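> Got a structure for you, written out below as structure tokens; questions coming shortly.
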Amino acid sequence: MSAANSPREGSLEAPTRHPLEWKQPAFWDEGALEKEMERVFDLCHGCRRCVSLCQAFPTLFDLVDAGPTGEIDGVSKADYGKIVEQCYLCDLCYQTKCPYTPPHPWNIDFPHLMLRAKAVHFRKHGAPLSARLLSNTRLVGRLASIPVVAEAVNWANRRPAFRGLLEKTLGVHRDARVPRYHARTAERRLPEDDGLDRPATSAGPTRGRVAIFATCYGRFNQPQMVEDLATVLRHNDIPVRLVRANQCCGMPKLELGDLETVERYKNAVVPLLHELVREGWDLIAPVPSCVLMFKQELPLLFPEEEALTTVRKAFFDPFEYLLHRHQAGLLKTDFKQPLGKVAWHVACHQRVQNIGPKTKQVLELVPGTEVVAIERCSGHDGTYGVKKASYPLARKIAKPVENRVRQIEAQYFTSDCVMAGAHIAHGLDRDDPEHPISLLRRAYGI
């Protein structure tokens with residue numbers, strides 16, 4: 001029976017995510033993995049609801065349609081990897097499209113099946129040096145943000161000859177927009193821990209004291225975003241400190257399938273975050289992917305770890321946090337500047353947190369402001385949007401978003417994922433957009 005005509009028991013219930021049992025030998029069984037991929041691919045082929053989300057599904061369906069049987073049994077298992085490499089774990093198929101996620105008896109979790117396949121491949125074959133380096137955002141950021149080095153890197157990234165060399169050596173497409181690096185990192189911009197003795201006021205699940213996990217991107221590539229977040233929080237009488245452990249959340253390594261390195265990163269940072277939570281601090285990161293890592297991916301990889309569960313409960317998206325404060329009457333609304341019409345791209349890793357359009361709701365507290373949401377993937381998704389092999393596909397995925405931004409004709413374009421925003425702005429031939437928190441600071445006039 002095809003997926004389109006089958007019963008959908010449980011499909012109206014909220015999706016339930018099962019932990020990834022990657023410590024068990026069965027997880028790494030290649031035969032069992034291929035059998036499960038065949039089962040899921042067959043069901044996806046019969047449904048085809050997710051065809052417009054990313055390139056993974058068109059790749060699957062093209063392989064089926066070109067096969068001798070027109071069914072999944074006509075697809076060589078050697079071609080399964082072509083589908084896996086197109087999945088960048090945005091999670092949208094699971095959270096927004098698929099009607100067969102658990103508790104449905106078909107129990108489809110396409111992103112985590114692709115993650116399993118990536119992990120099995122990585123353990124068996126490893127990854128090219130270029131992929132390992134590009135996914136080591138902390139190391140690259142630390143080296144490229146050294147004073148003088150940062151200026152040299154930014155200068156070179158604007159030179160066609162260097163970009164051609166970069167394409168040959170690291171596989172970074174010569175036309176892709178790559179981020180700038182800043183010698184004045186987030187640590188250098190923000191004062192030492194501030195307001196430790198200042199009284200804090202609880203509101204809902206928030207305790208009113210925030211430790212900012214700056215993220216690799218926030219530290220080295222977009223420190224202004226971190227500075228603006230701290231300024232907005234302090235304007236609302238919230239004590240702020242920066243988490244000064246220079247550690248990656250692990251998302252780039254997760255996308256590579258390098259689960260052992262993800263665990264090593266987790267072991268380095270979670271004890272520090274756990275101690276901050278025990279001291280009464282809430283946790284915020286300005287990049288949705290990093291928030292999602294602590295709120296979903298790490299807890300599903302390490303479900304028995306109590307310290308991680310504590311950290312998960314204390315982690316917030318910036319605008320989720322601010323809306324909790326507003327609902328308790330604690331968010332200042334002394335805005336001085338309207339924002340007019342804002343085209344807001346809803347980042348995939350923010351959507352799948354199931355927190356709702358909190359960014360839109362907070363920005364529209366500013367008088368004279370209208371926020372138009374664009375709920376479609378940008379196609380950037382980590383390194384996918386810059387790699388030579390996938391850059392043309394990433395541009396194709398971004399095109400509908402770019403067209404929508406043009407149609408809206410807004411005063412500002414923004415995205416909570418600054419990498420996605422830059423990728424879209426590149427297609428529009430614009431400068432990188434400001435983070436929504438920077439727009440909020442602008443509205444406050446601070």
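Here, A, B, ... name the chains of the structure tokens in the order displayed, residue numbers run from 1 inside each chain, and ligands are numbered from 1 in the same displayed order.
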Would you mind listing what lies within 10 Å of A:Pro338 as a PDB file with C-alpha atoms, in the first residue's frame, with only C-alpha atoms counted and same-chain residues fewer than 3 positions away left out?


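Written output follows (result_21.pdb):
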ATOM      1  CA  PHE A 335      11.102  52.506  21.783  1.00  0.00           C
ATOM      2  CA  LYS A 341       8.198  47.070   7.208  1.00  0.00           C
ATOM      3  CA  LEU A 363       9.615  43.350  16.943  1.00  0.00           C
ATOM      4  CA  GLU A 364       5.971  44.268  16.379  1.00  0.00           C
ATOM      5  CA  LEU A 365       5.865  45.736  19.889  1.00  0.00           C
ATOM      6  CA  VAL A 366       7.765  48.615  18.272  1.00  0.00           C
ATOM      7  CA  PRO A 367       5.210  51.216  17.117  1.00  0.00           C
ATOM      8  CA  GLY A 368       5.160  51.711  13.360  1.00  0.00           C
ATOM      9  CA  THR A 369       6.574  48.249  12.649  1.00  0.00           C
ATOM     10  CA  GLU A 370       5.176  45.455  10.474  1.00  0.00           C
ATOM     11  CA  LEU A 439      17.088  45.940  14.880  1.00  0.00           C
ATOM     12  CA  LEU A 440      15.555  45.861  18.350  1.00  0.00           C
ATOM     13  CA  ARG A 442      18.056  50.301  16.895  1.00  0.00           C
ATOM     14  CA  ALA A 443      14.381  50.664  17.848  1.00  0.00           C
ATOM     15  CA  TYR A 444      15.345  51.320  21.471  1.00  0.00           C
TER      16      TYR A 444
END

> At most 10 Å is the cut-off: for each residue in stretch 261-351 of chain A with any atom that close to an atom of stretch 357-362 of chain A, write down the nearest atom pair and the distance in Å rounded to one decimal, counting only C-alpha atoms, chain first then increasing number, as a Markdown table.


| residue | atom | partner | partner_atom | distance |
| --- | --- | --- | --- | --- |
| A:Asp317 | CA | A:Lys358 | CA | 8.9 |
| A:Pro318 | CA | A:Thr359 | CA | 8.3 |
| A:Phe319 | CA | A:Thr359 | CA | 5.2 |
| A:Glu320 | CA | A:Lys358 | CA | 5.5 |
| A:Tyr321 | CA | A:Lys358 | CA | 8.9 |
| A:Leu322 | CA | A:Val362 | CA | 7.4 |
| A:Leu323 | CA | A:Val362 | CA | 6.4 |
| A:His324 | CA | A:Lys358 | CA | 9.6 |
| A:His326 | CA | A:Val362 | CA | 8.4 |
| A:Leu331 | CA | A:Val362 | CA | 9.8 |
| A:Thr333 | CA | A:Val362 | CA | 9.9 |
| A:Val342 | CA | A:Lys360 | CA | 9.2 |
| A:Ala343 | CA | A:Lys360 | CA | 9.9 |
| A:Trp344 | CA | A:Lys360 | CA | 7.7 |
| A:Val346 | CA | A:Pro357 | CA | 8.1 |
| A:Gln350 | CA | A:Pro357 | CA | 9.0 |
| A:Arg351 | CA | A:Pro357 | CA | 8.0 |

> Contacts of A:Arg376 at 10 Å or less, counting only C-alpha atoms, minus same-chain residues fewer than 6 places along, as a PyMOL selection string?

chain A and resi 52-53+92+345-348+351+397-398+400-401+404

> So how many Å separate atom CA of A:Leu229 and atom CA of A:Ile446, to one decimal?

11.5 Å

> List the spatial neighbours of A:Pro252 as a PyMOL selection string - criterion: any atom at most 9 Å away, only C-alpha atoms, same-chain residues fewer than 3 positions off excluded.

chain A and resi 134-137+248-249+255-258+262+382-383

> Using only C-alpha atoms, tabulate the residues of stretch 22-94 of chain A lying at most 12 Å from any atom of stretch 283-296 of chain A, each with its closest atom pair and that distance in Å to one decimal, by chain and increasing residue number, as a Markdown table.


| residue | atom | partner | partner_atom | distance |
| --- | --- | --- | --- | --- |
| A:Tyr88 | CA | A:Ser289 | CA | 11.9 |
| A:Leu89 | CA | A:Ser289 | CA | 10.4 |
| A:Cys90 | CA | A:Ser289 | CA | 9.1 |
| A:Asp91 | CA | A:Leu292 | CA | 10.5 |

> From a DSSP pass on the backbone, collect the residues of stretch 139-357 of chain A flagged as strand (DSSP E) and hand them back as a list in words.

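Assigned to strand (DSSP E), within stretch 139-357 of chain A: Val210, Ala211, Ile212, Val240, Arg241, Leu242, Asp282, Leu283, Ile284, Phe315, Phe316, Gly340, Lys341, Val342, Ala343, Trp344 and His345 of chain A.
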
> Please, could you write that set of residues out with C-alpha atoms as a PDB file, in the first residue's frame?


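The result, stored in out15.pdb:
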ATOM      1  CA  VAL A 210      21.614  35.737  31.453  1.00  0.00           C
ATOM      2  CA  ALA A 211      24.864  34.087  30.468  1.00  0.00           C
ATOM      3  CA  ILE A 212      25.352  34.536  26.717  1.00  0.00           C
ATOM      4  CA  VAL A 240      24.513  39.756  31.748  1.00  0.00           C
ATOM      5  CA  ARG A 241      27.733  37.820  31.511  1.00  0.00           C
ATOM      6  CA  LEU A 242      29.509  36.135  28.616  1.00  0.00           C
ATOM      7  CA  ASP A 282      19.726  31.466  32.239  1.00  0.00           C
ATOM      8  CA  LEU A 283      21.451  30.663  28.946  1.00  0.00           C
ATOM      9  CA  ILE A 284      20.950  32.385  25.566  1.00  0.00           C
ATOM     10  CA  PHE A 315      18.529  27.448  27.270  1.00  0.00           C
ATOM     11  CA  PHE A 316      16.496  30.049  25.360  1.00  0.00           C
ATOM     12  CA  GLY A 340       8.662  50.228   9.249  1.00  0.00           C
ATOM     13  CA  LYS A 341       8.198  47.070   7.208  1.00  0.00           C
ATOM     14  CA  VAL A 342      10.597  44.224   8.035  1.00  0.00           C
ATOM     15  CA  ALA A 343      11.050  41.144   5.843  1.00  0.00           C
ATOM     16  CA  TRP A 344      11.894  38.398   8.323  1.00  0.00           C
ATOM     17  CA  HIS A 345      13.301  35.089   7.137  1.00  0.00           C
TER      18      HIS A 345
END

> May I ask which of the residues A:Ser202, A:Thr16, A:Asn354, A:Ser76 is the closest one to A:Asp109, counting only C-alpha atoms?

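Closest to A:Asp109, using only C-alpha atoms: A:Thr16.
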
> Which residue gives the smallest distance to A:His274 among A:Cys93, A:Val243, A:Leu129, A:Ala373, with only C-alpha atoms counted?

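That would be A:Val243, the residue with the smallest distance to A:His274.
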
> So that I can see what lies close to A:Tyr181, please list as a short mmCIF file (atom, residue, chain, number, x, y, z; two decimals) with N, CA and C atoms, in the first residue's frame the residues with an atom at most 9 Å from it, counting only C-alpha atoms and leaving out residues fewer than 6 positions away in the same chain.


data_model
loop_
_atom_site.label_atom_id
_atom_site.label_comp_id
_atom_site.auth_asym_id
_atom_site.auth_seq_id
_atom_site.Cartn_x
_atom_site.Cartn_y
_atom_site.Cartn_z
N GLY A 141 38.16 30.15 13.43
CA GLY A 141 37.85 31.46 13.97
C GLY A 141 38.96 32.03 14.83
N ALA A 144 41.83 33.02 12.39
CA ALA A 144 41.50 34.11 11.47
C ALA A 144 41.16 35.41 12.18
N SER A 145 40.95 35.39 13.49
CA SER A 145 40.60 36.61 14.23
C SER A 145 41.81 37.23 14.94
N ILE A 146 42.98 36.65 14.75
CA ILE A 146 44.19 37.25 15.31
C ILE A 146 44.39 38.63 14.67
N ALA A 150 43.31 38.87 10.73
CA ALA A 150 41.91 39.08 10.34
C ALA A 150 41.81 39.97 9.12
N GLU A 151 42.57 41.07 9.14
CA GLU A 151 42.53 41.99 8.00
C GLU A 151 43.05 41.31 6.73
N VAL A 153 43.02 38.05 6.04
CA VAL A 153 42.05 37.04 5.60
C VAL A 153 40.89 37.70 4.88
N ASN A 154 40.37 38.78 5.46
CA ASN A 154 39.24 39.48 4.83
C ASN A 154 39.64 40.06 3.47
N PHE A 220 33.59 35.34 16.45
CA PHE A 220 34.60 35.70 15.47
C PHE A 220 34.07 36.44 14.25
N ASN A 221 32.84 36.15 13.84
CA ASN A 221 32.32 36.68 12.59
C ASN A 221 31.27 37.77 12.76
N GLN A 222 30.52 37.73 13.84
CA GLN A 222 29.44 38.69 14.04
C GLN A 222 29.39 39.14 15.50
#

> List the neighbours of A:Arg49 out to 10 Å using only C-alpha atoms; skip same-chain residues closer than 3 positions along the sequence, and give me the result as a count of residues only.

11

> Determine the nearest neighbour of A:His423 from the options A:Lys387, A:Arg177, A:Lys313, A:Arg198, counting only C-alpha atoms.

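Among the listed residues, the smallest separation from A:His423 belongs to A:Arg177.
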
> In Å to one decimal, how far is atom CA of A:Arg395 from atom CA of A:Val352?

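These atoms are spaced 22.2 Å apart.
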
> Hey, what's within 12 Å of A:Thr201 if we count only C-alpha atoms and toss same-chain stuff fewer than 6 positions away? As a PyMOL selection string, please?

chain A and resi 207-210+236-239+280-282+324-325+328-331
